[in-house]
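For reference, entry37.pdb (PDB, C-alpha atoms):
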ATOM      1  CA  MET A 328    -114.563-114.639  45.683  1.00  0.00           C
ATOM      2  CA  THR A 329    -112.053-115.987  48.140  1.00  0.00           C
ATOM      3  CA  GLU A 330    -108.511-114.663  48.263  1.00  0.00           C
ATOM      4  CA  GLU A 331    -107.257-117.788  46.499  1.00  0.00           C
ATOM      5  CA  GLN A 332    -109.807-117.347  43.697  1.00  0.00           C
ATOM      6  CA  ASN A 333    -108.839-113.666  43.363  1.00  0.00           C
ATOM      7  CA  LYS A 334    -105.160-114.605  43.178  1.00  0.00           C
ATOM      8  CA  ALA A 335    -105.922-117.144  40.472  1.00  0.00           C
ATOM      9  CA  THR A 336    -108.128-114.683  38.557  1.00  0.00           C
ATOM     10  CA  TYR A 337    -105.770-111.698  38.949  1.00  0.00           C
ATOM     11  CA  PRO A 338    -102.221-113.056  39.138  1.00  0.00           C
ATOM     12  CA  GLY A 339    -100.665-109.753  38.057  1.00  0.00           C
ATOM     13  CA  VAL A 340    -101.601-107.761  41.163  1.00  0.00           C
ATOM     14  CA  GLU A 341     -98.115-108.029  42.656  1.00  0.00           C
ATOM     15  CA  LEU A 342     -96.585-106.734  39.416  1.00  0.00           C
ATOM     16  CA  ALA A 343     -99.157-103.972  38.885  1.00  0.00           C
ATOM     17  CA  TYR A 344     -99.093-102.608  42.435  1.00  0.00           C
ATOM     18  CA  PRO A 345     -95.813-100.637  42.092  1.00  0.00           C
ATOM     19  CA  LEU A 346     -97.061 -99.236  38.775  1.00  0.00           C
ATOM     20  CA  ALA A 347    -100.274 -98.093  40.436  1.00  0.00           C
ATOM     21  CA  VAL A 348     -98.333 -96.407  43.250  1.00  0.00           C
ATOM     22  CA  ASN A 349     -96.109 -94.623  40.712  1.00  0.00           C
ATOM     23  CA  SER A 350     -99.103 -93.552  38.605  1.00  0.00           C
ATOM     24  CA  TYR A 351     -99.779 -90.728  41.062  1.00  0.00           C
ATOM     25  CA  ASP A 352     -96.249 -89.399  40.601  1.00  0.00           C
ATOM     26  CA  VAL A 353     -96.580 -89.617  36.810  1.00  0.00           C
ATOM     27  CA  ALA A 354     -99.888 -87.750  36.896  1.00  0.00           C
ATOM     28  CA  LEU A 355     -98.463 -85.067  39.192  1.00  0.00           C
ATOM     29  CA  LYS A 356     -95.468 -84.513  36.905  1.00  0.00           C
ATOM     30  CA  ARG A 357     -97.700 -84.280  33.825  1.00  0.00           C
ATOM     31  CA  PHE A 358    -100.052 -81.917  35.663  1.00  0.00           C
ATOM     32  CA  ASP A 359     -97.185 -79.668  36.772  1.00  0.00           C
ATOM     33  CA  ALA A 360     -95.714 -79.638  33.268  1.00  0.00           C
ATOM     34  CA  MET A 361     -99.026 -78.674  31.671  1.00  0.00           C
ATOM     35  CA  ASP A 362     -99.763 -76.061  34.312  1.00  0.00           C
ATOM     36  CA  GLY A 363     -96.273 -74.620  33.804  1.00  0.00           C
ATOM     37  CA  ARG A 364     -96.853 -74.525  30.062  1.00  0.00           C
ATOM     38  CA  LEU A 365    -100.111 -72.627  30.547  1.00  0.00           C
ATOM     39  CA  GLN A 366     -98.382 -70.172  32.879  1.00  0.00           C
ATOM     40  CA  THR A 367     -95.543 -69.626  30.405  1.00  0.00           C
ATOM     41  CA  ILE A 368     -97.908 -69.072  27.481  1.00  0.00           C
ATOM     42  CA  LEU A 369     -99.984 -66.606  29.522  1.00  0.00           C
ATOM     43  CA  ALA A 370     -96.906 -64.700  30.648  1.00  0.00           C
ATOM     44  CA  PHE A 371     -95.678 -64.500  27.048  1.00  0.00           C
ATOM     45  CA  ILE A 372     -99.053 -63.302  25.774  1.00  0.00           C
ATOM     46  CA  VAL A 373     -99.349 -60.618  28.451  1.00  0.00           C
ATOM     47  CA  ALA A 374     -95.750 -59.428  28.030  1.00  0.00           C
ATOM     48  CA  THR A 375     -95.842 -59.206  24.249  1.00  0.00           C
ATOM     49  CA  SER A 376     -99.343 -57.765  24.138  1.00  0.00           C
ATOM     50  CA  ALA A 377     -98.450 -54.984  26.566  1.00  0.00           C
ATOM     51  CA  ILE A 378     -95.624 -53.801  24.325  1.00  0.00           C
ATOM     52  CA  VAL A 379     -97.708 -53.300  21.167  1.00  0.00           C
ATOM     53  CA  PRO A 380     -99.999 -50.478  22.384  1.00  0.00           C
ATOM     54  CA  ALA A 381     -97.055 -48.680  23.999  1.00  0.00           C
ATOM     55  CA  VAL A 382     -95.027 -48.769  20.780  1.00  0.00           C
ATOM     56  CA  ALA A 383     -98.103 -47.852  18.728  1.00  0.00           C
ATOM     57  CA  ALA A 384     -98.812 -44.800  20.880  1.00  0.00           C
ATOM     58  CA  ASN A 385     -95.221 -43.607  20.393  1.00  0.00           C
ATOM     59  CA  ARG A 386     -95.610 -44.007  16.616  1.00  0.00           C
ATOM     60  CA  GLY A 387     -98.830 -42.009  16.584  1.00  0.00           C
ATOM     61  CA  LEU A 388    -101.172 -44.838  15.607  1.00  0.00           C
ATOM     62  CA  HIS A 389    -104.822 -44.265  16.358  1.00  0.00           C
ATOM     63  CA  PHE A 390    -106.680 -46.721  18.550  1.00  0.00           C
ATOM     64  CA  GLN A 391    -110.058 -46.161  16.880  1.00  0.00           C
ATOM     65  CA  SER A 392    -109.874 -49.310  14.772  1.00  0.00           C
ATOM     66  CA  ASN A 393    -111.961 -52.455  14.573  1.00  0.00           C
ATOM     67  CA  TYR A 394    -108.746 -54.446  14.133  1.00  0.00           C
ATOM     68  CA  PHE A 395    -107.418 -53.059  17.417  1.00  0.00           C
ATOM     69  CA  TYR A 396    -110.690 -53.789  19.225  1.00  0.00           C
ATOM     70  CA  ALA A 397    -110.787 -57.342  17.861  1.00  0.00           C
ATOM     71  CA  ALA A 398    -107.134 -57.927  18.833  1.00  0.00           C
ATOM     72  CA  PHE A 399    -107.869 -56.605  22.313  1.00  0.00           C
ATOM     73  CA  ALA A 400    -110.910 -58.894  22.570  1.00  0.00           C
ATOM     74  CA  CYS A 401    -108.743 -61.896  21.596  1.00  0.00           C
ATOM     75  CA  PHE A 402    -106.251 -60.853  24.280  1.00  0.00           C
ATOM     76  CA  ILE A 403    -108.964 -60.642  26.955  1.00  0.00           C
ATOM     77  CA  VAL A 404    -110.491 -63.998  25.962  1.00  0.00           C
ATOM     78  CA  ALA A 405    -107.057 -65.668  25.918  1.00  0.00           C
ATOM     79  CA  VAL A 406    -106.150 -64.328  29.362  1.00  0.00           C
ATOM     80  CA  ILE A 407    -109.503 -65.344  30.841  1.00  0.00           C
ATOM     81  CA  ALA A 408    -109.375 -68.794  29.234  1.00  0.00           C
ATOM     82  CA  GLY A 409    -105.793 -69.323  30.369  1.00  0.00           C
ATOM     83  CA  THR A 410    -106.543 -68.208  33.903  1.00  0.00           C
ATOM     84  CA  VAL A 411    -109.595 -70.445  34.119  1.00  0.00           C
ATOM     85  CA  GLY A 412    -107.546 -73.290  32.631  1.00  0.00           C
ATOM     86  CA  ARG A 413    -104.922 -72.870  35.325  1.00  0.00           C
ATOM     87  CA  LEU A 414    -107.442 -72.612  38.132  1.00  0.00           C
ATOM     88  CA  PHE A 415    -109.587 -75.515  36.924  1.00  0.00           C
ATOM     89  CA  GLY A 416    -109.090 -78.865  38.572  1.00  0.00           C
ATOM     90  CA  ARG A 417    -106.841 -80.380  41.136  1.00  0.00           C
ATOM     91  CA  ILE A 418    -104.799 -83.507  40.926  1.00  0.00           C
ATOM     92  CA  LYS A 419    -106.722 -86.467  42.347  1.00  0.00           C
ATOM     93  CA  VAL A 420    -104.775 -88.554  44.821  1.00  0.00           C
ATOM     94  CA  LEU A 421    -105.621 -91.277  47.270  1.00  0.00           C
ATOM     95  CA  VAL A 422    -107.006 -89.839  50.491  1.00  0.00           C
ATOM     96  CA  PRO A 423    -105.239 -91.666  53.333  1.00  0.00           C
ATOM     97  CA  ARG A 424    -108.398 -91.467  55.455  1.00  0.00           C
ATOM     98  CA  GLU A 425    -110.234 -93.521  52.836  1.00  0.00           C
ATOM     99  CA  ALA A 426    -107.537 -96.188  52.963  1.00  0.00           C
ATOM    100  CA  PHE A 427    -107.661 -96.149  56.736  1.00  0.00           C
ATOM    101  CA  ASN A 428    -111.447 -96.389  56.896  1.00  0.00           C
ATOM    102  CA  HIS A 429    -112.030 -98.930  54.122  1.00  0.00           C
ATOM    103  CA  TRP A 430    -108.903-100.922  53.313  1.00  0.00           C
ATOM    104  CA  LEU A 431    -106.688-101.497  56.340  1.00  0.00           C
ATOM    105  CA  HIS A 432    -108.721-104.455  57.566  1.00  0.00           C
ATOM    106  CA  LYS A 433    -108.145-106.313  54.284  1.00  0.00           C
ATOM    107  CA  PRO A 434    -105.416-108.885  53.617  1.00  0.00           C
ATOM    108  CA  ASP A 435    -102.295-107.659  51.818  1.00  0.00           C
ATOM    109  CA  TRP A 436    -103.238-108.976  48.385  1.00  0.00           C
ATOM    110  CA  GLU A 437    -106.796-107.625  48.496  1.00  0.00           C
ATOM    111  CA  PHE A 438    -105.537-104.248  49.732  1.00  0.00           C
ATOM    112  CA  LYS A 439    -103.200-104.063  46.742  1.00  0.00           C
ATOM    113  CA  MET A 440    -105.963-105.061  44.334  1.00  0.00           C
ATOM    114  CA  ASP A 441    -108.281-102.353  45.683  1.00  0.00           C
ATOM    115  CA  PHE A 442    -105.474 -99.799  45.602  1.00  0.00           C
ATOM    116  CA  ILE A 443    -104.796-100.610  41.942  1.00  0.00           C
ATOM    117  CA  ASP A 444    -108.476-100.138  41.181  1.00  0.00           C
ATOM    118  CA  GLN A 445    -108.579 -96.752  42.938  1.00  0.00           C
ATOM    119  CA  ALA A 446    -105.325 -95.650  41.303  1.00  0.00           C
ATOM    120  CA  ALA A 447    -106.791 -96.517  37.894  1.00  0.00           C
ATOM    121  CA  ILE A 448    -109.904 -94.440  38.590  1.00  0.00           C
ATOM    122  CA  ASP A 449    -107.804 -91.503  39.811  1.00  0.00           C
ATOM    123  CA  PHE A 450    -105.415 -91.778  36.851  1.00  0.00           C
ATOM    124  CA  GLU A 451    -108.293 -91.572  34.363  1.00  0.00           C
ATOM    125  CA  ILE A 452    -109.657 -88.476  36.126  1.00  0.00           C
ATOM    126  CA  ASN A 453    -106.188 -86.896  36.182  1.00  0.00           C
ATOM    127  CA  ALA A 454    -105.546 -87.723  32.521  1.00  0.00           C
ATOM    128  CA  THR A 455    -108.835 -86.073  31.530  1.00  0.00           C
ATOM    129  CA  MET A 456    -107.972 -82.945  33.511  1.00  0.00           C
ATOM    130  CA  ILE A 457    -104.471 -82.784  32.007  1.00  0.00           C
ATOM    131  CA  GLU A 458    -105.978 -83.194  28.522  1.00  0.00           C
ATOM    132  CA  ARG A 459    -108.303 -80.253  29.183  1.00  0.00           C
ATOM    133  CA  LYS A 460    -105.368 -78.109  30.277  1.00  0.00           C
ATOM    134  CA  TRP A 461    -103.533 -79.070  27.071  1.00  0.00           C
ATOM    135  CA  GLN A 462    -106.587 -78.138  24.986  1.00  0.00           C
ATOM    136  CA  CYS A 463    -106.746 -74.817  26.833  1.00  0.00           C
ATOM    137  CA  SER A 464    -103.088 -74.138  26.026  1.00  0.00           C
ATOM    138  CA  ILE A 465    -103.783 -74.838  22.335  1.00  0.00           C
ATOM    139  CA  ALA A 466    -106.826 -72.551  22.392  1.00  0.00           C
ATOM    140  CA  ILE A 467    -104.999 -69.619  23.953  1.00  0.00           C
ATOM    141  CA  THR A 468    -102.069 -70.099  21.584  1.00  0.00           C
ATOM    142  CA  LEU A 469    -104.451 -69.930  18.620  1.00  0.00           C
ATOM    143  CA  LEU A 470    -106.117 -66.853  20.109  1.00  0.00           C
ATOM    144  CA  PHE A 471    -102.695 -65.255  20.419  1.00  0.00           C
ATOM    145  CA  PHE A 472    -101.950 -65.929  16.738  1.00  0.00           C
ATOM    146  CA  VAL A 473    -105.291 -64.400  15.758  1.00  0.00           C
ATOM    147  CA  GLN A 474    -104.566 -61.460  18.047  1.00  0.00           C
ATOM    148  CA  THR A 475    -101.164 -60.993  16.416  1.00  0.00           C
ATOM    149  CA  ALA A 476    -102.663 -61.071  12.919  1.00  0.00           C
ATOM    150  CA  LEU A 477    -105.307 -58.527  13.942  1.00  0.00           C
ATOM    151  CA  ALA A 478    -102.676 -56.282  15.528  1.00  0.00           C
ATOM    152  CA  ALA A 479    -100.639 -56.442  12.326  1.00  0.00           C
ATOM    153  CA  ALA A 480    -103.723 -55.550  10.300  1.00  0.00           C
ATOM    154  CA  TRP A 481    -104.356 -52.642  12.693  1.00  0.00           C
ATOM    155  CA  VAL A 482    -100.825 -51.312  12.224  1.00  0.00           C
ATOM    156  CA  LEU A 483    -100.933 -51.716   8.445  1.00  0.00           C
ATOM    157  CA  ASP A 484    -104.391 -50.159   8.269  1.00  0.00           C
ATOM    158  CA  SER A 485    -103.182 -47.122  10.217  1.00  0.00           C
ATOM    159  CA  PHE A 486    -100.659 -46.122   7.565  1.00  0.00           C
TER     160      PHE A 486
END

Starting from the coordinates I provided, produce the structure as structure tokens.
Amino acid sequence: MTEEQNKATYPGVELAYPLAVNSYDVALKRFDAMDGRLQTILAFIVATSAIVPAVAANRGLHFQSNYFYAAFACFIVAVIAGTVGRLFGRIKVLVPREAFNHWLHKPDWEFKMDFIDQAAIDFEINATMIERKWQCSIAITLLFFVQTALAAAWVLDSF
């Protein structure tokens, strides 16, 4: 299509272009927030889980318990899942070299249209990655609750 046909077919390019540019900032903020949440949950799990065996040893509780082993297994799985969740994926942004190599020769309007298309593709990839990090944070939170219940059962079983 010619530029005039594109402008007639896609009249909203001028309005959508600033939104597409800002979509990278939105994705980065959401990514950082979710990554921070995962880090906070992991730190909480490690800190609280380290206290329980120390207190239990001072109280004379025995560690030869299936409840203790299961709680410890939940702890290990949660820490591994949280670490993998934090390490998995990077935010997808426009590579300036790609714009230089493929877009700079285009007229202003067509450049903006192609940028919007690329920003939409990147935003969908980023949203999927952020969703996976959120699911990971839910999973490790649930593992922590199971771990806590098992630790409580271990303590109660020891008396």

Could you list, as a PDB file with C-alpha atoms, in the coordinates of the input, every residue within 7 Å of Ile443 of chain A, counting only C-alpha atoms and ignoring same-chain residues fewer than 4 positions away?
ATOM      1  CA  TYR A 344     -99.093-102.608  42.435  1.00  0.00           C
ATOM      2  CA  ALA A 347    -100.274 -98.093  40.436  1.00  0.00           C
ATOM      3  CA  LYS A 439    -103.200-104.063  46.742  1.00  0.00           C
ATOM      4  CA  ALA A 447    -106.791 -96.517  37.894  1.00  0.00           C
TER       5      ALA A 447
END

statement: Judged by all atoms listed in the file, the minimum distance to Leu421 of chain A among A:Thr475, A:Asn393, A:Ser350, A:Thr336 is found for A:Ser350

field: Top pick for closest residue to Val473 of chain A, considering A:Leu431, A:Val353, A:Cys401, A:Val406 and counting only C-alpha atoms
entry: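 Smallest separation from Val473 of chain A among the options: A:Cys401.
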
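Put simply, atom CA of Ala476 of chain A is 11.6 Å away from atom CA of Phe399 of chain A.
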
Segment 337-350 of chain A: axis-aligned bounding box, 4 Å on each side, centre and edge lengths in Å, one decimal, as JSON:
{"center_x": -100.8, "center_y": -103.3, "center_z": 40.7, "size_x": 18.0, "size_y": 27.5, "size_z": 13.2}

query: Which is closer to Val422 of chain A than all the others in A:Ala479, A:Ala397, A:Ala446, A:Ala405, using all atoms listed in the file?
result: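 For Val422 of chain A, the nearest of the candidates is A:Ala446.
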
query: Could you name the residues that touch Ile467 of chain A at 12 Å or less, counting all atoms listed in the file, but leaving out those on the same chain fewer than 6 positions away, as a VMD selection string?
result: chain A and resid 364 to 373 401 to 413 460 to 461 473 to 474

With C-alpha atoms kept, could you save the residues just selected as a compact mmCIF listing (two decimals), keeping the file's coordinate frame?
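Below you can see selection.txt, which holds the result:
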# COMPACT_ATOMS: atom_id res chain seq x y z
CA ARG A 364 -96.85 -74.53 30.06
CA LEU A 365 -100.11 -72.63 30.55
CA GLN A 366 -98.38 -70.17 32.88
CA THR A 367 -95.54 -69.63 30.40
CA ILE A 368 -97.91 -69.07 27.48
CA LEU A 369 -99.98 -66.61 29.52
CA ALA A 370 -96.91 -64.70 30.65
CA PHE A 371 -95.68 -64.50 27.05
CA ILE A 372 -99.05 -63.30 25.77
CA VAL A 373 -99.35 -60.62 28.45
CA CYS A 401 -108.74 -61.90 21.60
CA PHE A 402 -106.25 -60.85 24.28
CA ILE A 403 -108.96 -60.64 26.96
CA VAL A 404 -110.49 -64.00 25.96
CA ALA A 405 -107.06 -65.67 25.92
CA VAL A 406 -106.15 -64.33 29.36
CA ILE A 407 -109.50 -65.34 30.84
CA ALA A 408 -109.38 -68.79 29.23
CA GLY A 409 -105.79 -69.32 30.37
CA THR A 410 -106.54 -68.21 33.90
CA VAL A 411 -109.60 -70.44 34.12
CA GLY A 412 -107.55 -73.29 32.63
CA ARG A 413 -104.92 -72.87 35.33
CA LYS A 460 -105.37 -78.11 30.28
CA TRP A 461 -103.53 -79.07 27.07
CA VAL A 473 -105.29 -64.40 15.76
CA GLN A 474 -104.57 -61.46 18.05

- prompt: Suppose you want the space between atom CA of Tyr396 of chain A and atom CA of Gln462 of chain A; what is it in Å?
  reply: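 Value for the atom CA of Tyr396 of chain A-atom CA of Gln462 of chain A distance: 25.4 Å.
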
- prompt: For the atom pair atom CA of Val420 of chain A and atom CA of Thr468 of chain A, what is the interatomic distance in Å to one decimal place?
  reply: 29.8 Å

query: Using only C-alpha atoms, can you list as a list in words the residues within 12 Å of (-97.5, -82.0, 32.0)?
result: Asp352, Val353, Ala354, Leu355, Lys356, Arg357, Phe358, Asp359, Ala360, Met361, Asp362, Gly363, Arg364, Leu365, Gln366, Ile418, Asn453, Ala454, Met456, Ile457, Glu458, Arg459, Lys460, Trp461 and Ser464 of chain A

field: Pick from A:Ile452, A:Trp436, A:Ala480, A:Ile465 nearest to Gln332 of chain A, counting only C-alpha atoms
entry: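 Result for the nearest residue to Gln332 of chain A: A:Trp436.
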
- prompt: Which one is closest to Leu477 of chain A: A:Trp430, A:Phe390, A:Tyr337, A:Phe395? Count all atoms listed in the file.
  reply: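 Closest candidate: A:Phe395.
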
task: Just say which residues the PyMOL selection byres ((chain A and resi 437) around 12) picks in this file, as a PyMOL selection string.
output: chain A and resi 328-334+337-338+340-341+344+429-436+438-444
